Amino acid sequence: MHTSDAIQSAQSLLKGRSLLKISDLSESEIRTVLLQGGRLKRASTEGRLTPILEGKTLALIFEKPSLRTRVTFEVAMTRLGGRSIYLAPADIQLGKRESVEDVSRSLSRWVDGIAARTFAHETVVRLAESGSIPVVNALSDLEHPCQALADLLTIAEHRCGTTEEPDFSGIKLAFVGDGNNVANSLLVISASVGMSMTLARPEGFGPDEGVLQEALSIAAKTGARIQVTNDPQEAVQDADIVYTDVWTSMGQEEEREARLQAFRGWCVTAELMKLAKPDAIIMHCLPAHRGEEIAAEVIDGPQSVVFDQAENRLHAQMGLLSFLL
Ligand code: CP
Ligand code: NVA
């Protein structure tokens, strides 16, 4: 399909839909969000964005802290002519002051969409099922789909040289660390676009079995090679991209000491990076803990693209919101 036709068709196919996990989007829908994100990024840089979300309001429900996700959703709405309302945990006390369902039904009468960051993935599912407006998962314990879309945009820029019709086949992504929400979404998005991904994690630390099966069945159609190992060296060998994330995710704070023990020796160091391609890029969704999952010299070194990823949260979400709202 011609790229302008793809954008037009996504505008009708995606309008009103929710994004709770990456597999809610087909391969062509993922590619179109990417295309639109890249175009809106250029338009934004060149000062020719148009107010395509004028009059639209996005409610942000956050049960956990956030810098990037909150700011990029708010700025995305502002740049596209709409507005956002941030609802902190204490404001609505989701599930305590009133039920998830009543919150969603009420918001559906006033605003055009919800972006929600929750502990239980089930909470974003319940918000989507009970209301009549699109719900975007802004990170749950299971997935972080908006991060994966921004990461794909970053990979397209750095490894494919284009966001128009990028070819991800032949690219090898190694994820080293906890098989968490970020890793889960990356497995599915890699499978969808035909990119190979090896997840190296200590035995017993993910990925989610259901998500892995989903990724494997998508990969069987696209030809992506999806693997899980407990050997970081094997994963990083000849990788184009080395990705890591914190060992203790939000909500797991009580496990921190046990996790520090379990992940001993799993730091992405300059030594480990020698096994990857010489021009490999380093990715991290942030926030990062230097000296734990990644060495300071690696995340702050010339191969790191972590702030491009952070910037691209804005552009990928502008692309996504321009279709859903
Ligand atoms: N990467 C990411 O989601 O960052 P925040 O937790 O700051 O939103
Ligand atoms: N896995 C991390 C990602 C933070 C953006 C967490 O859930 O805390």
# chains A, B, ... in the order shown; residues from 1 in each chain; ligands from 1
$ residues_around --residues "Ala280 (chain A)" --least-positions-apart "5" --cutoff "9 Å" --atoms "only C-alpha atoms" --output "VMD selection string"
chain A and resid 238 to 242 273 303 to 304
$ closest_atom_pairs --of "region 222-276 of chain A" --to "region 172-190 of chain A" --cutoff "8 Å" --atoms "only C-alpha atoms" --output "Markdown table"
| residue | atom | partner | partner_atom | distance |
| --- | --- | --- | --- | --- |
| A:Ala224 | CA | A:Ser190 | CA | 7.2 |
| A:Ile226 | CA | A:Leu187 | CA | 7.2 |
| A:Pro232 | CA | A:Val176 | CA | 6.1 |
| A:Ala235 | CA | A:Ala174 | CA | 5.4 |
| A:Val236 | CA | A:Ala174 | CA | 5.5 |
| A:Asp238 | CA | A:Lys172 | CA | 7.7 |
| A:Ala239 | CA | A:Lys172 | CA | 5.1 |
| A:Asp240 | CA | A:Lys172 | CA | 5.3 |
| A:Ile241 | CA | A:Leu173 | CA | 4.7 |
| A:Val242 | CA | A:Ala174 | CA | 4.9 |
| A:Tyr243 | CA | A:Phe175 | CA | 4.6 |
| A:Thr244 | CA | A:Val176 | CA | 5.3 |
| A:Asp245 | CA | A:Gly177 | CA | 6.6 |
| A:Val246 | CA | A:Asp178 | CA | 7.2 |
| A:Trp247 | CA | A:Asp178 | CA | 5.5 |
| A:Ser249 | CA | A:Asn180 | CA | 7.8 |
| A:Phe263 | CA | A:Gly177 | CA | 7.5 |
| A:Trp266 | CA | A:Gly177 | CA | 6.5 |
| A:Cys267 | CA | A:Gly177 | CA | 7.9 |
| A:Val268 | CA | A:Val176 | CA | 7.3 |
$ atom_distance --atom1 "CA of His121 (chain A)" --atom2 "CA of Val228 (chain A)"
22.8 Å
$ residues_near_ligand --ligand "ligand 2" --cutoff "12 Å" --atoms "only C-alpha atoms and all ligand atoms" --output "VMD selection string"
chain A and resid 63 to 70 117 to 121 138 to 148 177 to 186 206 to 207 244 to 253 256 284 to 289 293 309 to 310 313
$ select_by_dssp --residues "region 63-269 of chain A" --states "strand (DSSP E)" --output "PyMOL selection string"
chain A and resi 83-87+113-117+135-137+172-176+196-200+226-229+241-244
